[in-house]
Structure formats: structure tokens, C-alpha cells
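Novice: To be precise about what I am sending: the file is called work-v8.txt and holds compact mmCIF, C-alpha atoms and all ligand atoms.
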# COMPACT_ATOMS: atom_id res chain seq x y z
CA MET L 1 71.39 74.63 167.40
CA ARG L 2 70.75 76.82 164.38
CA TYR L 3 73.41 78.65 162.47
CA PRO L 4 72.97 82.02 160.86
CA GLU L 5 73.57 82.71 157.21
CA ALA L 6 75.16 86.03 158.06
CA CYS L 7 77.13 88.18 160.46
CA ASP L 8 79.09 88.06 162.57
CA VAL L 9 78.78 84.47 163.74
CA ALA L 10 80.10 81.89 161.34
CA SER L 11 78.25 78.85 160.09
CA ALA L 12 79.21 75.38 161.27
CA ASN L 13 80.97 74.85 157.96
CA SER L 14 83.14 77.92 158.04
CA LEU L 15 84.00 77.02 161.63
CA ARG L 16 85.99 74.09 160.26
CA ARG L 17 87.67 75.94 157.46
CA GLY L 18 91.34 75.65 158.18
CA GLY L 19 92.27 76.40 161.75
CA LYS L 20 94.49 79.36 162.46
CA ILE L 21 97.07 78.95 159.72
CA GLY L 22 98.43 82.32 158.71
CA TYR L 23 97.17 83.95 161.88
CA GLY L 24 98.41 83.53 165.37
CA SER L 25 101.88 85.05 165.43
CA GLY L 26 101.97 87.79 168.01
CA MET L 27 98.27 88.51 167.82
CA THR L 28 95.95 88.64 170.77
CA ILE L 29 92.46 87.27 171.15
CA LYS L 30 90.46 90.00 172.92
CA PRO L 31 87.41 89.50 175.15
CA LEU L 32 84.13 90.31 173.39
CA ILE L 33 81.70 92.92 174.69
CA ILE L 34 78.30 91.29 175.23
CA LEU L 35 74.75 92.73 175.29
CA PRO L 36 73.52 94.72 177.31
CA ASP L 37 76.91 96.42 177.85
CA PRO L 38 76.31 100.12 177.04
CA VAL L 39 79.69 100.23 175.25
CA LEU L 40 77.91 98.60 172.30
CA ARG L 41 75.73 101.71 171.97
CA GLN L 42 78.67 104.11 171.61
CA VAL L 43 79.20 105.84 168.28
CA SER L 44 82.77 105.14 167.18
CA ALA L 45 85.12 107.95 166.11
CA PRO L 46 86.93 108.05 162.76
CA VAL L 47 90.48 106.69 162.66
CA GLU L 48 92.69 109.79 162.30
CA THR L 49 96.04 108.16 161.56
CA ILE L 50 96.62 104.72 160.11
CA ASP L 51 99.77 103.55 161.88
CA ASP L 52 101.21 100.36 163.35
CA ASP L 53 98.87 100.60 166.36
CA ILE L 54 95.84 100.54 164.06
CA ARG L 55 97.30 97.67 162.02
CA ARG L 56 97.93 95.73 165.25
CA LEU L 57 94.35 96.42 166.33
CA ALA L 58 93.12 95.07 162.97
CA ASP L 59 95.28 91.94 163.41
CA ASP L 60 93.95 91.37 166.94
CA MET L 61 90.40 91.82 165.65
CA LEU L 62 90.96 89.24 162.90
CA GLU L 63 92.45 86.82 165.41
CA THR L 64 89.50 87.35 167.76
CA MET L 65 87.01 86.97 164.89
CA TYR L 66 88.54 83.72 163.58
CA ASP L 67 88.76 82.32 167.11
CA ALA L 68 85.11 83.09 167.99
CA PRO L 69 84.43 81.96 165.20
CA GLY L 70 82.84 84.79 163.28
CA ILE L 71 82.80 86.30 159.82
CA GLY L 72 82.88 89.94 160.87
CA LEU L 73 83.88 92.10 163.83
CA ALA L 74 83.75 95.81 164.62
CA ALA L 75 86.36 97.40 166.92
CA ILE L 76 83.69 98.46 169.42
CA GLN L 77 82.93 94.75 170.02
CA ILE L 78 86.31 94.51 171.76
CA GLY L 79 85.75 97.87 173.45
CA VAL L 80 87.63 100.15 171.04
CA PRO L 81 85.40 102.99 169.78
CA LYS L 82 87.13 103.45 166.41
CA ARG L 83 85.60 103.16 162.93
CA LEU L 84 87.37 99.96 161.99
CA LEU L 85 85.94 96.57 161.05
CA VAL L 86 87.19 93.25 159.76
CA LEU L 87 85.42 90.64 157.66
CA ASP L 88 86.02 87.30 156.02
CA VAL L 89 83.01 85.91 154.19
CA THR L 90 84.81 83.11 152.32
CA LYS L 91 83.20 79.67 152.30
CA GLU L 92 84.41 76.38 153.66
CA GLY L 93 87.37 75.03 151.71
CA GLU L 94 88.29 78.43 150.31
CA GLU L 95 91.47 80.15 151.35
CA ARG L 96 91.03 82.79 154.04
CA SER L 97 90.47 86.25 152.72
CA PRO L 98 90.69 88.73 155.61
CA LEU L 99 89.34 92.20 154.80
CA VAL L 100 90.02 95.37 156.79
CA PHE L 101 87.77 98.42 156.40
CA ILE L 102 88.85 101.69 158.02
CA ASN L 103 86.37 104.61 158.20
CA PRO L 104 83.87 102.76 155.98
CA GLU L 105 81.02 104.82 154.61
CA ILE L 106 77.96 103.64 152.68
CA VAL L 107 77.65 105.96 149.68
CA HIS L 108 74.88 104.10 147.86
CA SER L 109 72.19 101.56 148.81
CA SER L 110 70.02 99.66 146.34
CA GLY L 111 66.24 99.96 146.41
CA GLU L 112 66.09 96.19 146.16
CA ARG L 113 66.18 94.48 149.56
CA SER L 114 67.17 91.04 150.75
CA VAL L 115 66.67 89.01 153.92
CA TYR L 116 69.40 87.10 155.75
CA GLU L 117 69.33 85.36 159.08
CA GLU L 118 71.86 87.26 161.18
CA GLY L 119 73.68 86.58 164.40
CA CYS L 120 76.17 88.65 166.37
CA LEU L 121 79.21 87.77 168.46
CA SER L 122 77.96 90.32 171.03
CA ILE L 123 74.56 88.58 171.23
CA PRO L 124 75.61 84.91 171.38
CA ASP L 125 73.22 82.18 170.25
CA TYR L 126 70.48 84.52 169.07
CA TYR L 127 69.53 84.65 165.40
CA ALA L 128 66.85 86.55 163.51
CA GLU L 129 65.95 87.44 159.96
CA VAL L 130 66.86 91.00 159.01
CA GLU L 131 65.88 92.84 155.84
CA ARG L 132 68.42 95.27 154.39
CA PRO L 133 69.32 96.81 151.02
CA ALA L 134 70.54 93.96 148.78
CA ALA L 135 73.50 95.90 147.36
CA ILE L 136 75.59 98.79 148.62
CA THR L 137 78.63 100.82 147.64
CA VAL L 138 81.11 101.45 150.45
CA LYS L 139 84.05 103.85 150.47
CA TYR L 140 86.84 102.98 152.91
CA LEU L 141 90.57 103.04 153.60
CA ASP L 142 92.67 99.89 153.71
CA ARG L 143 95.37 99.11 156.31
CA GLU L 144 97.90 101.12 154.32
CA GLY L 145 95.60 104.15 154.17
CA ARG L 146 94.72 103.70 150.49
CA LYS L 147 91.24 104.77 149.38
CA HIS L 148 88.88 102.17 147.92
CA ALA L 149 85.26 101.82 146.90
CA VAL L 150 83.60 98.41 146.79
CA GLU L 151 80.26 97.45 145.29
CA ALA L 152 78.95 94.65 147.46
CA ASP L 153 75.95 92.39 147.25
CA GLY L 154 74.86 89.12 148.84
CA LEU L 155 76.45 88.11 152.13
CA LEU L 156 79.20 90.75 151.87
CA ALA L 157 76.62 93.56 151.57
CA THR L 158 74.66 92.28 154.56
CA CYS L 159 77.78 91.82 156.73
CA LEU L 160 79.18 95.23 155.84
CA GLN L 161 75.88 96.83 156.84
CA HIS L 162 75.76 94.81 160.08
CA GLU L 163 79.32 95.87 161.01
CA ILE L 164 78.91 99.53 159.96
CA ASP L 165 75.79 99.58 162.16
CA HIS L 166 78.07 98.60 165.10
CA LEU L 167 80.22 101.70 164.41
CA ASN L 168 77.05 103.76 164.88
CA GLY L 169 75.97 101.99 168.07
CA VAL L 170 73.28 100.05 166.21
CA LEU L 171 72.70 96.31 166.69
CA PHE L 172 70.91 93.89 164.36
CA ILE L 173 68.17 93.47 166.97
CA ASP L 174 67.28 97.13 166.30
CA HIS L 175 65.99 95.94 162.91
CA ILE L 176 63.56 93.36 164.36
CA SER L 177 60.22 93.93 166.13
CA LYS L 178 60.25 95.77 169.45
CA LEU L 179 58.59 92.78 171.10
CA LYS L 180 61.37 90.40 170.04
CA ARG L 181 64.08 92.97 170.80
CA ASP L 182 62.78 93.59 174.33
CA MET L 183 62.71 89.82 174.95
CA VAL L 184 66.34 89.42 173.85
CA ILE L 185 67.51 92.39 175.92
CA ARG L 186 65.66 91.06 178.99
CA LYS L 187 67.24 87.63 178.56
CA PHE L 188 70.76 89.04 178.23
CA THR L 189 70.27 91.50 181.10
CA LYS L 190 69.27 88.60 183.35
CA ALA L 191 72.28 86.53 182.20
CA ALA L 192 74.63 89.47 182.85
CA LYS L 193 73.28 89.75 186.41
CA VAL L 194 73.94 86.05 186.98
CA ARG L 195 77.50 86.45 185.62
CA GLY L 196 77.96 89.51 187.85
CA SER L 197 76.78 87.80 191.03
CA ARG L 198 79.02 84.81 190.38
CA ALA L 199 82.00 87.12 190.08
CA ILE L 200 81.54 88.54 193.59
ZN ZN L 301 77.49 92.03 165.36
Starting from the file, give its structure as C-alpha cells.
Specialist:
Amino acid sequence: MRYPEACDVASANSLRRGGKIGYGSGMTIKPLIILPDPVLRQVSAPVETIDDDIRRLADDMLETMYDAPGIGLAAIQIGVPKRLLVLDVTKEGEERSPLVFINPEIVHSSGERSVYEEGCLSIPDYYAEVERPAAITVKYLDREGRKHAVEADGLLATCLQHEIDHLNGVLFIDHISKLKRDMVIRKFTKAAKVRGSRAI
């Protein structure tokens, strides 16, 4: 099995980085929406009010992401069409650093581009190289509603772009060749039919 360098599936190393310490009190692991569920193509709506419900949603998303394990998750991946995403791109051995981005918006992208191998919790066990701007500036609100801007590069820039794509109904397979994309969609459509027939 191969492991991606980026988004939103974690590497084998980060999988072992420290269990669930600090997370797991009163939080709920939510089922993930899997390709070709049309929910993944919805455009998410801005979060209007940052309240305890939104903070609980962010906590549940972090719990679900760490459990998967993944390094990023958008709310739509658990079926909630709100512009909210969580990330933790720390490496093995480092302390967890959960990040919550509410209503994130890319305000600048570099001309320079970089390539990472990406995966997605909604497209399990499929990885492909994706080229994106190497650095971006993102404006967002934190879980207390405070405004921030972050200049990101490297893995953080790639993951932020991958997750913000989810908020717009875009998947990383939309950035690969049509031939490869059609193959992946066919494979997952077939698998969904098998799951469906077993459920009856
Ligand atoms: Zn994803």
C-alpha cells in the first residue's frame, strides 16, 4: 500500500502519532461521505454565526479526522454543507496542532507551483499527484470568530487548497486527467452498488 504525502489521508507515520490523547471527551466520530455520493458536489454555504453548535461540529470533525486517520477534513465530508474545515499537518512525534478554518478564502496564490501526491478520505485508497500553487494566503475566522490571515506553503498550502476545494464541491480527482478520473469514478460507483445490494 502506498501512502500519500498530502491530504486528507495521513501517512503511516502520522497514523501512529499519539493516539487520541486530548480528544475523545464528548466528541463523536461521524460517518464519512464516499465518492460518488452527490453530496460531495454541493457548494457549502458560509457559516453565519459562530456558536457552540459550530464549535461542536469542529470538534466532531477533528475527532473524525484523527480517527480515520487523516490530516484534513471539510464539513461536507460528513454531510454538513458549511464552509468549515479542520487540519493538522504536524509530523510524527510532534504534539498535535489542530487547526479550524471557518469561511476560509484564498486571497492570493503564488505563480510558482508544486506537486504533491494527494489522497482523500472520501476516495479511500486512491492517490494521485496534483499540481497546485506552491504558496497561498488564506483569510478565515477561528472558532471564536476572530479574523486571521495565514501565508501557507508546503504541505499546509496543498491541504488548505484541497479542503477549500471540498467547500466548492471540487475533488482532487478533478485536477487529474479525465481518463484517470473516469476510471476512479467508475470503480467507486461499482463499489457503491455492491455496498447497496448487500444492504438490502
Ligand atoms: Zn478530501
Novice: Give me the residues within 9 Å of stretch 128-144 of chain L as a compact mmCIF listing (two decimals) with C-alpha atoms, in the frame of the given file, counting all atoms listed in the file and dropping any in the same chain fewer than 5 places off.
Specialist:
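Everything below was put into result.txt:
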# COMPACT_ATOMS: atom_id res chain seq x y z
CA PRO L 4 72.97 82.02 160.86
CA ILE L 50 96.62 104.72 160.11
CA ASP L 51 99.77 103.55 161.88
CA ILE L 54 95.84 100.54 164.06
CA ARG L 55 97.30 97.67 162.02
CA ALA L 58 93.12 95.07 162.97
CA LEU L 99 89.34 92.20 154.80
CA VAL L 100 90.02 95.37 156.79
CA PHE L 101 87.77 98.42 156.40
CA ILE L 102 88.85 101.69 158.02
CA ASN L 103 86.37 104.61 158.20
CA PRO L 104 83.87 102.76 155.98
CA GLU L 105 81.02 104.82 154.61
CA ILE L 106 77.96 103.64 152.68
CA VAL L 107 77.65 105.96 149.68
CA HIS L 108 74.88 104.10 147.86
CA SER L 109 72.19 101.56 148.81
CA SER L 110 70.02 99.66 146.34
CA GLY L 111 66.24 99.96 146.41
CA GLU L 112 66.09 96.19 146.16
CA ARG L 113 66.18 94.48 149.56
CA SER L 114 67.17 91.04 150.75
CA VAL L 115 66.67 89.01 153.92
CA TYR L 116 69.40 87.10 155.75
CA GLU L 117 69.33 85.36 159.08
CA GLU L 118 71.86 87.26 161.18
CA GLY L 119 73.68 86.58 164.40
CA ALA L 149 85.26 101.82 146.90
CA VAL L 150 83.60 98.41 146.79
CA GLU L 151 80.26 97.45 145.29
CA ALA L 152 78.95 94.65 147.46
CA ASP L 153 75.95 92.39 147.25
CA GLY L 154 74.86 89.12 148.84
CA LEU L 155 76.45 88.11 152.13
CA LEU L 156 79.20 90.75 151.87
CA ALA L 157 76.62 93.56 151.57
CA THR L 158 74.66 92.28 154.56
CA LEU L 160 79.18 95.23 155.84
CA GLN L 161 75.88 96.83 156.84
CA PHE L 172 70.91 93.89 164.36
CA ILE L 173 68.17 93.47 166.97
CA HIS L 175 65.99 95.94 162.91
CA ILE L 176 63.56 93.36 164.36
Novice: Ranking L:Ala75, L:Leu32, L:Met183, L:Ala191 by minimum distance to L:Ala45 and counting all atoms listed in the file, which one comes first?
Specialist: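 Looking at the shortest contact to L:Ala45, the residue is L:Ala75.
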Novice: At a cut-off of 10 Å around ligand ZN 301 (chain L), and using all atoms listed in the file, what residues come up? Please write them as number ranges by chain.
Specialist: L: 6-9, 34, 40, 70-74, 76-77, 118-124, 159, 161-166, 170-173
Novice: Filtering to C-alpha atoms, could you give me those residues as a PDB file, in the coordinates of the input?
Specialist:
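Final file, selection24.pdb:
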ATOM      1  CA  ALA L   6      75.160  86.030 158.060  1.00  0.00           C
ATOM      2  CA  CYS L   7      77.130  88.180 160.460  1.00  0.00           C
ATOM      3  CA  ASP L   8      79.090  88.060 162.570  1.00  0.00           C
ATOM      4  CA  VAL L   9      78.780  84.470 163.740  1.00  0.00           C
ATOM      5  CA  ILE L  34      78.300  91.290 175.230  1.00  0.00           C
ATOM      6  CA  LEU L  40      77.910  98.600 172.300  1.00  0.00           C
ATOM      7  CA  GLY L  70      82.840  84.790 163.280  1.00  0.00           C
ATOM      8  CA  ILE L  71      82.800  86.300 159.820  1.00  0.00           C
ATOM      9  CA  GLY L  72      82.880  89.940 160.870  1.00  0.00           C
ATOM     10  CA  LEU L  73      83.880  92.100 163.830  1.00  0.00           C
ATOM     11  CA  ALA L  74      83.750  95.810 164.620  1.00  0.00           C
ATOM     12  CA  ILE L  76      83.690  98.460 169.420  1.00  0.00           C
ATOM     13  CA  GLN L  77      82.930  94.750 170.020  1.00  0.00           C
ATOM     14  CA  GLU L 118      71.860  87.260 161.180  1.00  0.00           C
ATOM     15  CA  GLY L 119      73.680  86.580 164.400  1.00  0.00           C
ATOM     16  CA  CYS L 120      76.170  88.650 166.370  1.00  0.00           C
ATOM     17  CA  LEU L 121      79.210  87.770 168.460  1.00  0.00           C
ATOM     18  CA  SER L 122      77.960  90.320 171.030  1.00  0.00           C
ATOM     19  CA  ILE L 123      74.560  88.580 171.230  1.00  0.00           C
ATOM     20  CA  PRO L 124      75.610  84.910 171.380  1.00  0.00           C
ATOM     21  CA  CYS L 159      77.780  91.820 156.730  1.00  0.00           C
ATOM     22  CA  GLN L 161      75.880  96.830 156.840  1.00  0.00           C
ATOM     23  CA  HIS L 162      75.760  94.810 160.080  1.00  0.00           C
ATOM     24  CA  GLU L 163      79.320  95.870 161.010  1.00  0.00           C
ATOM     25  CA  ILE L 164      78.910  99.530 159.960  1.00  0.00           C
ATOM     26  CA  ASP L 165      75.790  99.580 162.160  1.00  0.00           C
ATOM     27  CA  HIS L 166      78.070  98.600 165.100  1.00  0.00           C
ATOM     28  CA  VAL L 170      73.280 100.050 166.210  1.00  0.00           C
ATOM     29  CA  LEU L 171      72.700  96.310 166.690  1.00  0.00           C
ATOM     30  CA  PHE L 172      70.910  93.890 164.360  1.00  0.00           C
ATOM     31  CA  ILE L 173      68.170  93.470 166.970  1.00  0.00           C
TER      32      ILE L 173
END
Novice: I want to know what sits within 10 Å of L:Thr90, based on only C-alpha atoms, with residues of the same chain fewer than 4 positions away left out; could you give that as an mmCIF file with C-alpha atoms, keeping the file's coordinate frame?
Specialist:
data_model
loop_
_atom_site.group_PDB
_atom_site.id
_atom_site.type_symbol
_atom_site.label_atom_id
_atom_site.label_comp_id
_atom_site.auth_asym_id
_atom_site.auth_seq_id
_atom_site.Cartn_x
_atom_site.Cartn_y
_atom_site.Cartn_z
ATOM 1 C CA SER L 14 83.140 77.920 158.040
ATOM 2 C CA ARG L 17 87.670 75.940 157.460
ATOM 3 C CA ILE L 71 82.800 86.300 159.820
ATOM 4 C CA GLU L 94 88.290 78.430 150.310
ATOM 5 C CA GLU L 95 91.470 80.150 151.350
ATOM 6 C CA ARG L 96 91.030 82.790 154.040
ATOM 7 C CA SER L 97 90.470 86.250 152.720
ATOM 8 C CA PRO L 98 90.690 88.730 155.610
ATOM 9 C CA LEU L 155 76.450 88.110 152.130
ATOM 10 C CA LEU L 156 79.200 90.750 151.870
#
Novice: To one decimal place, how far is atom CA of L:Tyr126 from atom CA of L:Asp88 in Å?
Specialist: 20.5 Å
Novice: Using only C-alpha atoms, pick whichever of L:Asp37, L:Val80, L:Pro69, L:Ser177 has the shortest atom-to-atom distance to L:Leu57.
Specialist: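 Closest residue, counting only C-alpha atoms: L:Val80.
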Novice: In terms of the shortest atom-to-atom distance over all atoms listed in the file, which of L:Gly169, L:Pro38, L:Ile29, L:Thr64 is closest to L:Arg83?
Specialist: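 Looking at the shortest contact to L:Arg83, the residue is L:Gly169.
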Novice: What is the atom CA of L:Met65 to atom CA of L:Asp174 distance in Å?
Specialist: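 These atoms are spaced 22.2 Å apart.
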Novice: What is the atom CA of L:Leu167-atom CA of L:Asp125 distance in Å, reported with one decimal?
Specialist: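 So the answer is 21.5 Å.
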Novice: Identify which of the residues L:His148, L:Arg198, L:Tyr127, L:Pro81 lies closest to L:Ser44, counting all atoms listed in the file when measuring atom-to-atom distances.
Specialist: L:Pro81
Novice: How big is the axis-aligned box, and where does its centre sit, when it encloses all atoms of stretch 164-181 of chain L listed in the file and has 3 Å added on every side, reported in Å to one decimal as AutoDock Vina command-line options?
Specialist:
--center_x 69.4 --center_y 97.1 --center_z 165.5 --size_x 27.6 --size_y 19.4 --size_z 17.1
